[in-house]
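Here is start.cif, consisting of mmCIF, C-alpha atoms:
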```cif
data_run
loop_
_atom_site.label_atom_id
_atom_site.label_comp_id
_atom_site.auth_asym_id
_atom_site.auth_seq_id
_atom_site.Cartn_x
_atom_site.Cartn_y
_atom_site.Cartn_z
CA MET N 14 273.93 138.37 33.70
CA ASN N 15 275.33 141.68 34.87
CA VAL N 16 273.61 145.01 34.38
CA HIS N 17 275.97 147.93 33.92
CA PHE N 18 274.62 151.44 34.48
CA ILE N 19 277.83 153.24 35.49
CA SER N 20 277.92 155.19 32.26
CA CYS N 21 274.56 156.73 33.16
CA VAL N 22 275.71 158.02 36.53
CA ASP N 23 276.02 161.77 36.85
CA THR N 24 279.64 162.86 37.34
CA THR N 25 278.54 164.98 40.30
CA LEU N 26 277.73 161.76 42.16
CA ILE N 27 281.15 160.30 41.40
CA ASP N 28 282.80 163.43 42.75
CA ASN N 29 281.01 162.90 46.06
CA GLN N 30 282.48 159.75 47.61
CA LYS N 31 279.48 159.13 49.89
CA TYR N 32 276.94 159.17 47.07
CA TYR N 33 279.25 157.25 44.75
CA ASN N 34 279.60 154.41 47.26
CA GLN N 35 275.82 154.26 47.68
CA VAL N 36 275.28 154.06 43.89
CA VAL N 37 277.83 151.25 43.56
CA GLU N 38 276.22 149.37 46.43
CA ASP N 39 272.76 149.67 44.86
CA LEU N 40 274.07 148.48 41.47
CA LEU N 41 275.68 145.45 43.09
CA VAL N 42 272.35 144.59 44.67
CA ILE N 43 270.70 144.77 41.25
CA ASP N 44 273.39 142.51 39.73
CA ASN N 45 272.95 139.93 42.50
CA VAL N 46 269.19 139.87 42.10
CA CYS N 47 269.41 139.51 38.33
CA ASP N 48 271.95 136.67 38.59
CA MET N 49 269.72 134.85 41.04
CA PHE N 50 266.41 135.11 39.19
CA GLU N 51 267.34 135.58 35.52
CA GLU N 52 265.99 132.13 34.57
CA GLU N 53 262.68 132.61 36.42
CA GLU N 54 259.75 132.94 34.00
CA GLY N 55 258.04 136.35 34.08
CA TYR N 56 260.66 137.80 36.41
CA GLU N 57 261.26 141.57 36.21
CA PRO N 58 264.75 142.30 37.55
CA ILE N 59 264.36 146.07 37.82
CA LEU N 60 261.13 145.80 39.84
CA SER N 61 262.63 143.15 42.10
CA ALA N 62 265.76 145.23 42.67
CA ARG N 63 263.58 148.17 43.58
CA HIS N 64 261.74 146.02 46.13
CA VAL N 65 265.03 144.90 47.65
CA ALA N 66 266.07 148.53 48.05
CA TYR N 67 262.67 149.46 49.53
CA LYS N 68 262.82 146.57 51.97
CA ARG N 69 266.28 147.62 53.07
CA GLN N 70 265.03 151.18 53.47
CA THR N 71 262.12 149.96 55.63
CA VAL N 72 264.51 148.08 57.90
CA ASN N 73 266.56 151.24 58.21
CA GLN N 74 263.42 153.14 59.22
CA ILE N 75 262.71 150.54 61.90
CA ILE N 76 266.24 150.97 63.26
CA GLN N 77 265.87 154.74 63.40
CA SER N 78 262.46 154.45 65.07
CA GLU N 79 263.76 152.01 67.69
CA THR N 80 266.79 154.18 68.37
CA SER N 81 264.62 157.22 68.96
CA TYR N 82 262.28 155.22 71.21
CA LEU N 83 265.17 153.85 73.28
CA ASN N 84 266.68 157.30 73.66
CA GLU N 85 263.47 158.30 75.46
CA PHE N 86 264.07 155.55 78.01
CA TYR N 87 267.69 156.58 78.46
CA ASP N 88 266.63 160.19 78.98
CA PHE N 89 264.09 159.07 81.56
CA GLN N 90 266.68 157.05 83.42
CA GLU N 91 269.18 159.88 83.41
CA THR N 92 266.98 162.94 83.99
CA TYR N 93 264.23 161.49 86.13
CA ALA N 94 264.67 158.03 87.68
CA THR N 95 268.23 158.44 88.94
CA ARG N 96 267.84 161.96 90.33
CA MET N 97 264.43 161.25 91.81
CA GLN N 98 265.75 158.15 93.56
CA VAL N 99 268.69 160.10 94.97
CA TRP N 100 266.32 162.80 96.21
CA LEU N 101 263.96 160.29 97.84
CA ASP N 102 266.83 158.55 99.60
CA ALA N 103 268.56 161.73 100.74
CA THR N 104 265.70 164.02 101.74
CA GLU N 105 265.06 164.56 105.43
CA ASP N 106 261.77 166.38 104.88
CA LYS N 107 259.31 164.88 107.37
CA ASP N 108 256.35 165.65 105.13
CA VAL N 109 257.94 163.79 102.23
CA THR N 110 258.80 160.87 104.49
CA LEU N 111 255.21 160.70 105.73
CA LYS N 112 253.54 160.98 102.31
CA LEU N 113 255.99 159.08 100.13
CA LYS N 114 258.59 157.04 101.96
CA SER N 115 256.20 155.37 104.39
CA THR N 116 253.36 154.75 101.91
CA PRO N 117 252.84 152.59 98.78
CA ALA N 118 253.74 155.67 96.69
CA LYS N 119 257.47 154.95 96.82
CA LYS N 120 256.86 151.28 96.02
CA THR N 121 254.77 152.29 92.99
CA LEU N 122 257.45 154.74 91.89
CA ASN N 123 260.08 152.01 92.06
CA ALA N 124 257.73 149.74 90.08
CA LEU N 125 257.53 152.42 87.38
CA PHE N 126 261.32 152.71 87.19
CA GLN N 127 261.57 148.92 86.93
CA SER N 128 258.83 148.62 84.32
CA LEU N 129 260.36 151.19 81.98
CA HIS N 130 263.79 149.62 82.51
CA GLU N 131 262.46 146.19 81.46
CA LEU N 132 260.84 147.71 78.38
CA SER N 133 264.16 149.28 77.44
CA VAL N 134 265.90 145.88 77.83
CA ILE N 135 263.67 144.05 75.34
CA HIS N 136 263.85 146.92 72.84
CA THR N 137 267.64 147.12 73.18
CA LYS N 138 267.90 143.41 72.34
CA PHE N 139 265.52 143.83 69.37
CA LEU N 140 267.47 146.83 68.05
CA LYS N 141 270.80 145.02 68.30
CA GLU N 142 269.53 141.96 66.42
CA ILE N 143 267.89 143.93 63.64
CA THR N 144 270.94 146.19 63.27
CA ASP N 145 273.26 143.17 62.97
CA ARG N 146 271.00 141.70 60.29
CA PHE N 147 270.88 145.03 58.45
CA GLN N 148 274.68 145.25 58.29
CA MET N 149 274.85 142.02 56.28
CA TRP N 150 271.74 142.76 54.22
CA GLY N 151 271.20 141.03 50.88
CA PRO N 152 268.34 140.16 48.48
CA THR N 153 267.59 136.86 50.24
CA GLN N 154 268.03 138.10 53.80
CA LEU N 155 265.44 136.88 56.35
CA ILE N 156 264.15 139.04 59.19
CA SER N 157 260.83 137.56 60.38
CA ASP N 158 262.60 135.41 63.00
CA ILE N 159 263.78 138.56 64.81
CA PHE N 160 260.21 139.85 65.05
CA ASN N 161 259.05 136.44 66.26
CA ASP N 162 261.56 136.50 69.14
CA PHE N 163 260.60 140.09 69.93
CA TYR N 164 256.90 139.21 70.00
CA LYS N 165 257.50 136.59 72.70
CA CYS N 166 258.91 139.27 75.03
CA LEU N 167 255.95 141.65 74.89
CA ASP N 168 254.39 140.40 78.14
CA THR N 169 256.36 143.24 79.74
CA TYR N 170 253.83 145.66 78.27
CA GLU N 171 251.03 143.78 80.07
CA ILE N 172 252.62 144.70 83.40
CA PHE N 173 253.01 148.32 82.30
CA PHE N 174 249.32 148.59 81.34
CA GLU N 175 248.16 146.97 84.58
CA GLN N 176 250.08 149.47 86.72
CA HIS N 177 249.60 152.55 84.53
CA ALA N 178 246.77 154.08 86.59
CA GLU N 179 248.82 153.81 89.80
CA PHE N 180 251.80 155.37 88.02
CA VAL N 181 249.71 158.42 87.03
CA VAL N 182 248.29 158.98 90.53
CA THR N 183 251.70 158.50 92.14
CA LYS N 184 253.14 161.02 89.72
CA ILE N 185 250.73 163.62 91.13
CA ASN N 186 251.88 162.92 94.69
CA VAL N 187 255.54 163.12 93.72
CA ASN N 188 255.06 166.43 91.91
CA LYS N 189 253.39 167.90 94.99
CA GLN N 190 256.15 166.76 97.32
CA ARG N 191 259.35 167.22 95.33
CA GLN N 192 261.52 170.22 95.98
CA SER N 193 261.08 173.15 93.63
CA SER N 194 264.85 173.34 93.20
CA LEU N 195 264.93 169.83 91.73
CA LYS N 196 264.88 170.35 87.96
CA ILE N 197 263.38 167.16 86.61
CA ALA N 198 261.55 166.50 83.32
CA ASP N 199 257.83 165.85 83.59
CA ILE N 200 257.14 162.15 83.97
CA GLU N 201 253.84 162.44 82.10
CA HIS N 202 255.62 162.25 78.75
CA TYR N 203 257.27 158.96 79.67
CA LEU N 204 253.93 157.48 80.75
CA GLN N 205 252.54 158.31 77.31
CA ILE N 206 255.16 157.06 74.85
CA PRO N 207 254.88 153.26 75.50
CA VAL N 208 251.08 153.25 75.19
CA ASN N 209 250.87 153.26 71.38
CA ARG N 210 254.25 151.74 70.56
CA ILE N 211 253.03 148.28 69.51
CA SER N 212 250.83 149.68 66.72
CA HIS N 213 253.97 150.63 64.75
CA TYR N 214 255.15 147.07 64.15
CA SER N 215 252.22 145.65 62.19
CA LYS N 216 252.64 148.53 59.70
CA PHE N 217 256.38 147.93 59.38
CA LEU N 218 255.84 144.19 58.93
CA GLN N 219 253.23 144.72 56.24
CA GLN N 220 255.66 146.95 54.33
CA LEU N 221 258.41 144.33 54.61
CA LYS N 222 256.02 141.67 53.31
CA ASN N 223 254.97 143.83 50.34
CA TYR N 224 258.61 144.29 49.36
CA SER N 225 259.45 140.56 49.61
CA GLU N 226 259.42 138.14 46.70
CA HIS N 227 256.68 135.50 46.91
CA SER N 228 259.35 132.83 46.52
CA ASN N 229 261.19 134.17 49.56
CA PRO N 230 260.37 132.16 52.74
CA ASP N 231 260.15 135.45 54.62
CA TYR N 232 257.09 136.46 52.59
CA VAL N 233 254.72 134.09 54.41
CA PHE N 234 256.28 134.52 57.84
CA LEU N 235 256.25 138.32 57.64
CA GLY N 236 252.54 138.18 56.82
CA GLN N 237 251.91 135.93 59.80
CA MET N 238 253.85 138.19 62.14
CA ALA N 239 252.00 141.26 60.85
CA GLU N 240 248.69 139.57 61.74
CA LYS N 241 250.00 138.63 65.20
CA PHE N 242 251.07 142.18 66.01
CA LYS N 243 247.81 143.58 64.63
CA ALA N 244 245.77 141.15 66.76
CA LEU N 245 247.78 142.06 69.86
CA ASP N 246 247.28 145.76 69.16
CA ASN N 247 243.50 145.19 68.87
CA GLU N 248 243.52 143.16 72.08
CA TRP N 249 245.17 146.05 73.92
CA SER N 250 242.93 148.67 72.31
CA GLU N 251 240.70 149.27 75.36
CA ARG N 252 243.69 149.38 77.70
CA LYS N 253 245.38 151.97 75.52
CA LYS N 254 242.23 154.11 75.40
CA SER N 255 241.94 153.91 79.20
CA CYS N 256 245.57 154.97 79.68
CA GLN N 257 245.18 157.90 77.29
CA ALA N 258 241.89 158.99 78.88
CA HIS N 259 243.55 158.89 82.31
CA LEU N 260 246.44 161.06 81.14
CA MET N 261 243.91 163.48 79.64
CA VAL N 262 242.35 163.92 83.10
CA LEU N 263 245.80 164.87 84.33
CA GLU N 264 246.24 167.31 81.45
CA ALA N 265 242.83 168.91 82.07
CA SER N 266 243.50 169.32 85.80
CA ARG N 267 246.73 171.14 84.95
CA THR N 268 245.56 173.38 82.10
CA ILE N 269 242.10 174.49 83.30
CA GLN N 270 242.28 177.33 85.77
CA ASN N 271 240.48 176.56 89.07
CA CYS N 272 239.63 173.07 87.83
CA PRO N 273 237.80 171.12 90.59
CA VAL N 274 238.43 167.73 88.98
CA ASN N 275 241.21 165.72 90.59
CA VAL N 276 243.09 162.75 89.18
CA THR N 277 241.90 159.47 90.72
CA LEU N 278 242.52 155.82 89.86
CA ASP N 279 239.13 155.43 88.16
CA ARG N 280 238.35 158.82 86.60
CA ARG N 281 238.73 159.13 82.82
CA LEU N 282 238.16 161.94 80.32
CA ILE N 283 235.57 160.79 77.79
CA LEU N 284 235.04 163.86 75.59
CA HIS N 285 235.88 167.53 75.38
CA ALA N 286 234.74 170.03 72.77
CA GLU N 287 233.30 173.46 72.21
CA LEU N 288 229.48 173.47 72.25
CA ILE N 289 226.96 176.29 71.93
CA LYS N 290 224.79 176.72 75.02
CA VAL N 291 221.37 177.73 73.71
CA ASP N 292 219.62 180.60 75.46
CA LEU N 293 216.04 179.46 76.15
CA ASP N 294 214.87 183.08 75.87
CA ASP N 295 216.60 183.52 72.49
CA LEU N 296 216.79 180.19 70.68
CA THR N 297 218.48 181.67 67.61
CA SER N 298 221.50 183.01 69.52
CA VAL N 299 224.80 181.22 68.91
CA SER N 300 227.08 183.53 70.88
CA ASP N 301 227.41 181.50 74.10
CA VAL N 302 230.27 179.16 73.18
CA ARG N 303 231.65 177.06 76.03
CA THR N 304 234.19 174.25 76.28
CA TYR N 305 232.68 171.16 77.89
CA TYR N 306 234.65 168.33 79.49
CA LEU N 307 232.82 165.06 80.03
CA PHE N 308 234.57 162.82 82.54
CA SER N 309 233.50 159.32 83.56
CA ASP N 310 231.66 160.84 86.55
CA TYR N 311 231.55 164.60 85.93
CA LEU N 312 230.52 167.25 83.39
CA ILE N 313 232.12 170.67 83.64
CA TYR N 314 232.18 173.71 81.38
CA CYS N 315 234.80 176.42 80.88
CA ARG N 316 235.24 179.66 79.04
CA LYS N 317 238.33 181.13 77.48
CA GLN N 318 239.98 183.90 79.43
CA LYS N 319 239.63 187.39 78.05
CA ASP N 320 242.39 188.58 75.74
CA ARG N 321 245.69 188.91 77.56
CA LYS N 322 248.77 190.90 76.72
CA ASP N 323 250.78 187.73 76.04
CA GLY N 324 248.15 186.52 73.57
CA LEU N 325 247.45 183.31 75.50
CA ARG N 326 243.84 182.58 76.42
CA LYS N 327 243.58 179.96 79.15
CA LEU N 328 240.44 178.00 79.91
CA VAL N 329 238.77 179.02 83.16
CA TYR N 330 236.41 176.70 85.02
CA LYS N 331 232.89 178.17 85.24
CA GLY N 332 230.65 175.42 86.57
CA ASN N 333 229.41 171.83 86.37
CA LEU N 334 226.18 169.97 85.68
CA ASN N 335 224.87 167.19 87.90
CA LEU N 336 224.47 164.08 85.73
CA ARG N 337 223.07 161.76 88.39
CA GLY N 338 219.55 160.85 87.30
CA ALA N 339 219.81 163.13 84.26
CA GLU N 340 218.21 162.47 80.87
CA VAL N 341 219.66 163.17 77.44
CA ARG N 342 217.39 163.41 74.39
CA GLY N 343 217.14 164.94 70.96
CA ILE N 344 216.05 168.54 70.42
CA ARG N 345 212.27 168.78 70.10
CA PRO N 346 211.14 169.55 66.51
CA LEU N 347 209.30 172.75 67.49
CA ILE N 348 212.38 174.10 69.31
CA ALA N 349 214.66 173.05 66.45
CA SER N 350 212.40 174.92 64.01
CA LYS N 351 212.57 178.08 66.11
CA MET N 352 216.35 177.76 66.39
CA CYS N 353 216.53 177.94 62.59
CA GLU N 354 214.53 181.13 62.29
CA VAL N 355 216.38 184.11 60.86
CA LYS N 356 215.86 187.38 62.64
CA LYS N 357 214.29 190.04 60.45
CA PRO N 358 216.13 193.38 60.37
CA LEU N 359 214.35 196.45 61.72
CA PHE N 360 215.03 198.34 58.51
CA ARG N 361 215.40 197.02 54.96
CA ILE N 362 217.36 198.92 52.34
CA GLY N 363 216.86 198.09 48.70
CA LYS N 364 214.53 195.65 47.02
CA LYS N 365 213.70 192.26 48.44
CA SER N 366 215.66 189.49 46.77
CA ALA N 367 213.54 187.18 44.65
CA ASP N 368 215.00 184.01 46.14
CA THR N 369 214.87 185.10 49.81
CA ALA N 370 211.60 183.33 50.48
CA SER N 371 212.86 180.08 48.99
CA THR N 372 216.04 180.01 51.06
CA LEU N 373 216.32 176.72 52.95
CA LYS N 374 216.61 176.85 56.73
CA PRO N 375 219.88 175.51 58.11
CA GLU N 376 219.81 172.11 59.80
CA VAL N 377 220.22 172.06 63.56
CA PHE N 378 222.40 169.51 65.35
CA GLY N 379 222.49 169.10 69.10
CA PHE N 380 220.75 167.59 72.11
CA GLU N 381 218.83 168.40 75.27
CA LEU N 382 220.03 167.54 78.76
CA ILE N 383 217.44 167.39 81.54
CA ILE N 384 219.02 167.48 85.00
CA ALA N 385 217.74 167.47 88.57
CA ASP N 386 219.06 170.68 90.12
CA THR N 387 219.07 170.75 93.92
CA ASN N 388 221.14 173.92 94.12
CA ILE N 389 218.94 176.65 95.61
CA ASP N 390 221.27 179.32 94.24
CA THR N 391 219.93 178.65 90.75
CA VAL N 392 216.36 179.47 91.75
CA ALA N 393 215.09 183.05 91.58
CA PRO N 394 216.14 184.88 94.76
CA MET N 395 212.67 186.42 95.17
CA TYR N 396 211.54 183.29 97.02
CA PHE N 397 214.12 183.75 99.72
CA SER N 398 213.08 187.21 100.92
CA ASN N 399 211.21 185.62 103.82
CA GLY N 400 213.51 182.63 104.22
CA SER N 401 211.06 180.20 102.63
CA LEU N 402 211.72 177.62 99.93
CA PRO N 403 210.12 178.13 96.53
CA PRO N 404 207.07 175.93 95.88
CA GLN N 405 208.78 173.84 93.18
CA MET N 406 211.70 172.95 95.47
CA ALA N 407 209.40 172.06 98.33
CA LEU N 408 208.18 169.16 96.19
CA GLY N 409 211.68 167.96 95.25
CA PRO N 410 214.61 168.83 92.96
CA VAL N 411 213.97 171.24 90.10
CA ARG N 412 214.17 169.70 86.62
CA GLN N 413 216.18 171.97 84.36
CA ARG N 414 216.51 171.82 80.61
CA HIS N 415 219.82 172.60 78.92
CA ILE N 416 220.07 172.72 75.13
CA PHE N 417 223.38 172.37 73.31
CA ARG N 418 224.23 172.81 69.64
CA THR N 419 226.92 170.71 67.94
CA ARG N 420 228.67 171.20 64.62
CA SER N 421 227.60 167.95 62.95
CA ILE N 422 225.33 164.92 63.23
CA GLU N 423 228.40 162.80 64.07
CA GLU N 424 229.32 165.04 67.00
CA GLN N 425 225.70 165.05 68.15
CA THR N 426 225.58 161.24 68.15
CA LEU N 427 228.93 160.97 69.93
CA TRP N 428 227.90 163.31 72.74
CA ARG N 429 224.48 161.70 73.22
CA THR N 430 225.93 158.18 73.33
CA SER N 431 228.74 159.16 75.70
CA LEU N 432 226.43 161.09 78.04
CA GLU N 433 223.99 158.17 78.21
CA LYS N 434 226.79 155.80 79.22
CA VAL N 435 228.08 158.12 81.94
CA ILE N 436 224.57 158.82 83.27
CA ASN N 437 223.74 155.12 83.42
CA THR N 438 226.99 154.36 85.22
CA ILE N 439 226.81 157.02 87.93
CA SER N 440 223.05 156.62 88.45
CA GLN N 441 223.32 152.99 89.47
CA PRO N 442 222.16 152.36 93.08
CA SER N 443 225.59 150.95 93.98
CA GLN N 444 227.17 154.30 93.12
CA GLU N 445 224.98 156.29 95.48
CA SER N 446 226.44 157.34 98.77
#
```

How would this structure read if it were set down as structure tokens?
Amino acid sequence: MNVHFISCVDTTLIDNQKYYNQVVEDLLVIDNVCDMFEEEEGYEPILSARHVAYKRQTVNQIIQSETSYLNEFYDFQETYATRMQVWLDATEDKDVTLKLKSTPAKKTLNALFQSLHELSVIHTKFLKEITDRFQMWGPTQLISDIFNDFYKCLDTYEIFFEQHAEFVVTKINVNKQRQSSLKIADIEHYLQIPVNRISHYSKFLQQLKNYSEHSNPDYVFLGQMAEKFKALDNEWSERKKSCQAHLMVLEASRTIQNCPVNVTLDRRLILHAELIKVDLDDLTSVSDVRTYYLFSDYLIYCRKQKDRKDGLRKLVYKGNLNLRGAEVRGIRPLIASKMCEVKKPLFRIGKKSADTASTLKPEVFGFELIIADTNIDTVAPMYFSNGSLPPQMALGPVRQRHIFRTRSIEEQTLWRTSLEKVINTISQPSQES
């Protein structure tokens, strides 16, 4: 059986050779599918032909995605690895030699170049195989075997994840030592792109399965491969989060003015958000908005710079809170009730609204943080007029209460849970110096 739709084609498509060839190709696919399955009971040729076209389109999307991904590796090799290697080999700077050439830093840098090169090799092979299969595409074409071969090569990502922290720290050292005249792209971008790459394939495989006929052998195998890639992505979930949190420390150290937090092998950024610092003398005030950064061993707060002529408002570091031995808890009901109170105006104009008294108080979300403050600068200076310590500090660290407001119950829970984990970790006896 042949289905003929040429008479329905708009003449504007025929005038354009590119579109005309595509229409003819699609119609031939429909004819082939109909010829193959016309005797199958309950078979719908138009729907099946549509699935064949969608499956082909999905494969094309995979090819485009892989091409773009590989171009990133080629750019890295050309604009970073090659020029950096030449610079390292040629420089006679004694400081560079001392801090890079004669230390593990250069070895780690070479390991990064090698790791990204090996990733590019396996993706180049995968792209070539899938492109070759695409060029001879047909309704019964199989593709799951290519993904199966590709899956077996993914151990290379294991090596990348294991060395990722060293790559980030080495990147800092290289940036400090490289010559300002050396125009090289920032390596941070190339440390980020491989982290979430694997999550793409389970989605692509699921689409290919959905567009495959149940009678096609590829249907079952595509489903199996989709589960394999999904399981691998879940297995690497914590590693990916750690890599991203490490890169976020790097980003924070670069973007926050006067930031005291350095990038180390173990430090990670857990949370960052704008919170309202509650004034204990005016519990209803919501004007003190600060940006808080919770690291795996640190809590700092920043404020946005005053309006500048260029319109950019950078974050400026303002201080930190000591979390060692701290306690996080919910806002006490009495305080929460006072925080909801609405200030009465000094003067009232007009009649009192009938429903004012029945207006519900807004719900308060947030938490309290109790810290041990050993910084004498935070205590009233009146005690130091005669050089003596205040009575409360003579007995030990001062316990200070900080109250923060969040925007939702979800944000409140997230901050409390994260703070408790960090406090428990850094308060362990083994962590004390």

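Of the listed residues (N:Gln425, N:Asn209, N:Thr121, N:Ser431), N:Ser431 comes nearest to Tyr311 in chain N; the distances count only C-alpha atoms.
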
Please evaluate the PyMOL selection byres ((chain N and resi 167-170) around 9) against the structure above and give the resulting residues as a PDB file with C-alpha atoms, in the frame of the given file.
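Full text of selection-v7.pdb as output:
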```pdb
ATOM      1  CA  SER N 128     258.830 148.620  84.320  1.00  0.00           C
ATOM      2  CA  GLU N 131     262.460 146.190  81.460  1.00  0.00           C
ATOM      3  CA  LEU N 132     260.840 147.710  78.380  1.00  0.00           C
ATOM      4  CA  ILE N 135     263.670 144.050  75.340  1.00  0.00           C
ATOM      5  CA  PHE N 163     260.600 140.090  69.930  1.00  0.00           C
ATOM      6  CA  TYR N 164     256.900 139.210  70.000  1.00  0.00           C
ATOM      7  CA  LYS N 165     257.500 136.590  72.700  1.00  0.00           C
ATOM      8  CA  CYS N 166     258.910 139.270  75.030  1.00  0.00           C
ATOM      9  CA  GLU N 171     251.030 143.780  80.070  1.00  0.00           C
ATOM     10  CA  ILE N 172     252.620 144.700  83.400  1.00  0.00           C
ATOM     11  CA  PHE N 173     253.010 148.320  82.300  1.00  0.00           C
ATOM     12  CA  PHE N 174     249.320 148.590  81.340  1.00  0.00           C
ATOM     13  CA  GLU N 175     248.160 146.970  84.580  1.00  0.00           C
ATOM     14  CA  PRO N 207     254.880 153.260  75.500  1.00  0.00           C
ATOM     15  CA  VAL N 208     251.080 153.250  75.190  1.00  0.00           C
TER      16      VAL N 208
END
```

Worksheet entry | Selection result for the PyMOL selection byres ((chain N and resi 412) around 6) on this file, as JSON, numbers by chain | {"N": [384, 385, 411, 413]}

Output the selection as an mmCIF file, in the frame of the given file - C-alpha atoms for each residue.
```cif
data_model
loop_
_atom_site.group_PDB
_atom_site.id
_atom_site.type_symbol
_atom_site.label_atom_id
_atom_site.label_comp_id
_atom_site.auth_asym_id
_atom_site.auth_seq_id
_atom_site.Cartn_x
_atom_site.Cartn_y
_atom_site.Cartn_z
ATOM 1 C CA ILE N 384 219.020 167.480 85.000
ATOM 2 C CA ALA N 385 217.740 167.470 88.570
ATOM 3 C CA VAL N 411 213.970 171.240 90.100
ATOM 4 C CA GLN N 413 216.180 171.970 84.360
#
```

The centre and edge lengths of an axis-aligned box containing all atoms of range 164-174 of chain N present in the file, extended by 4 Å on each side, are to be given in Å to one decimal, as lines of an AutoDock Vina configuration file.
```
center_x = 254.1
center_y = 142.6
center_z = 76.7
size_x = 17.6
size_y = 20.0
size_z = 21.4
```

Practice prompt. Go through N:Ser212, N:Thr304, N:Thr297, N:Gln77 and flag the residue nearest Ile348 in chain N, using all atoms listed in the file for the distances.
Written response: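 Smallest distance to Ile348 in chain N is found for N:Thr297.
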
Practice prompt. Go through the shown structure with the PyMOL selection byres ((chain N and resi 379) around 9) and write out the matching residues as a list in words.
Written response: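 Listing what the PyMOL selection byres ((chain N and resi 379) around 9) selects in the shown file: Leu288, Ile289, Gly343, Ile344, Val377, Phe378, Phe380, Glu381, Ile416, Phe417, Arg418, Thr419, Arg420, Ser421, Ile422, Glu424, Gln425, Thr426, Trp428 and Arg429 of chain N.
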
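As for CA of Thr80 in chain N and CA of Glu248 in chain N, they are spaced 26.0 Å apart.
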
Fill in: Atom-to-atom span, CA of Ser300 in chain N and CA of Arg326 in chain N, Å
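Taking CA of Ser300 in chain N as the start and CA of Arg326 in chain N as the end point, the length is 17.7 Å.
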
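Between CA of Asn161 in chain N and CA of Ser255 in chain N lies a distance of 27.7 Å.
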
Discussion item. Let me make sure I understand: among N:Ile283, N:Ile439, N:Leu245, N:Leu83, which one has the smallest atom-to-atom distance to Tyr305 in chain N if we use all atoms listed in the file?
Written reply: N:Ile283

I want to know what sits within 12 Å of Gln270 in chain N, based on only C-alpha atoms, with residues of the same chain fewer than 6 positions away left out; could you give that as a CSV table (one decimal) with C-alpha atoms, in the coordinates of the input?
```csv
chain,number,residue,atom,x,y,z
N,264,GLU,CA,246.2,167.3,81.4
N,314,TYR,CA,232.2,173.7,81.4
N,315,CYS,CA,234.8,176.4,80.9
N,316,ARG,CA,235.2,179.7,79.0
N,317,LYS,CA,238.3,181.1,77.5
N,318,GLN,CA,240.0,183.9,79.4
N,326,ARG,CA,243.8,182.6,76.4
N,327,LYS,CA,243.6,180.0,79.2
N,328,LEU,CA,240.4,178.0,79.9
N,329,VAL,CA,238.8,179.0,83.2
N,330,TYR,CA,236.4,176.7,85.0
N,331,LYS,CA,232.9,178.2,85.2
N,332,GLY,CA,230.6,175.4,86.6
```

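Excluding Phe139 in chain N itself and same-chain residues fewer than 4 positions from it, the residues having an atom within 9 Å of it are Glu79, Val134, Ile135, Ile143, Thr144, Ile159, Phe160, Asp162 and Phe163 of chain N, counting all atoms listed in the file.
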
Select, counting all atoms listed in the file, all protein, DNA and RNA residues no farther than 6 Å from (218.9, 163.9, 81.7) in file coordinates, and express the selection as an mmCIF file with C-alpha atoms, in the coordinates of the input.
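Result file follows (point33.cif):
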```cif
data_model
loop_
_atom_site.group_PDB
_atom_site.id
_atom_site.type_symbol
_atom_site.label_atom_id
_atom_site.label_comp_id
_atom_site.auth_asym_id
_atom_site.auth_seq_id
_atom_site.Cartn_x
_atom_site.Cartn_y
_atom_site.Cartn_z
ATOM 1 C CA ALA N 339 219.810 163.130 84.260
ATOM 2 C CA GLU N 340 218.210 162.470 80.870
ATOM 3 C CA VAL N 341 219.660 163.170 77.440
ATOM 4 C CA LEU N 382 220.030 167.540 78.760
ATOM 5 C CA ILE N 383 217.440 167.390 81.540
ATOM 6 C CA ILE N 384 219.020 167.480 85.000
#
```

Discussion item. Please determine, counting all atoms listed in the file, which residue among N:Glu433, N:Asp88, N:Glu423, N:Asp279 has the shortest atom-to-atom distance to His259 in chain N.
Written reply: N:Asp279

Discussion item. Taking only C-alpha atoms into account, name the residue in N:His130, N:Leu347, N:Ala94, N:Leu427 that is nearest to Asp199 in chain N.
Written reply: N:Ala94

Practice prompt. Measuring atom to atom with only C-alpha atoms, identify which of N:Val72, N:Ala124, N:Ala118, N:Leu140 is nearest to Gln176 in chain N.
Written response: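 When distances to Gln176 in chain N are compared using only C-alpha atoms, the smallest one comes from N:Ala124.
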
Discussion item. With all atoms listed in the file as the counted atoms, please give the residues lying no more than 10 Å from Gln220 in chain N, apart from itself and same-chain residues fewer than 6 positions off, as a ChimeraX atom specification.
Written reply: /N:67-68,71-72,214,235-236,239

Fill in: Residues within 10 Å of (253.2, 159.8, 81.0), file coords, all atoms listed in the file, listed as a list in words
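In the file's frame, the residues around the point are His177, Phe180, Val181, Lys184, Asp199, Ile200, Glu201, His202, Tyr203, Leu204, Gln205, Ile206, Pro207, Val208, Cys256, Gln257, His259, Leu260 and Leu263 of chain N.
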
Worksheet item: Which neighbours of Glu240 in chain N fall inside 9 Å, counting all atoms listed in the file, when residues of the same chain fewer than 6 positions from it are skipped, and could you give them as a list in words?
Response: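 Here the qualifying residues turn out to be Ser215, Leu218 and Gln219 of chain N.
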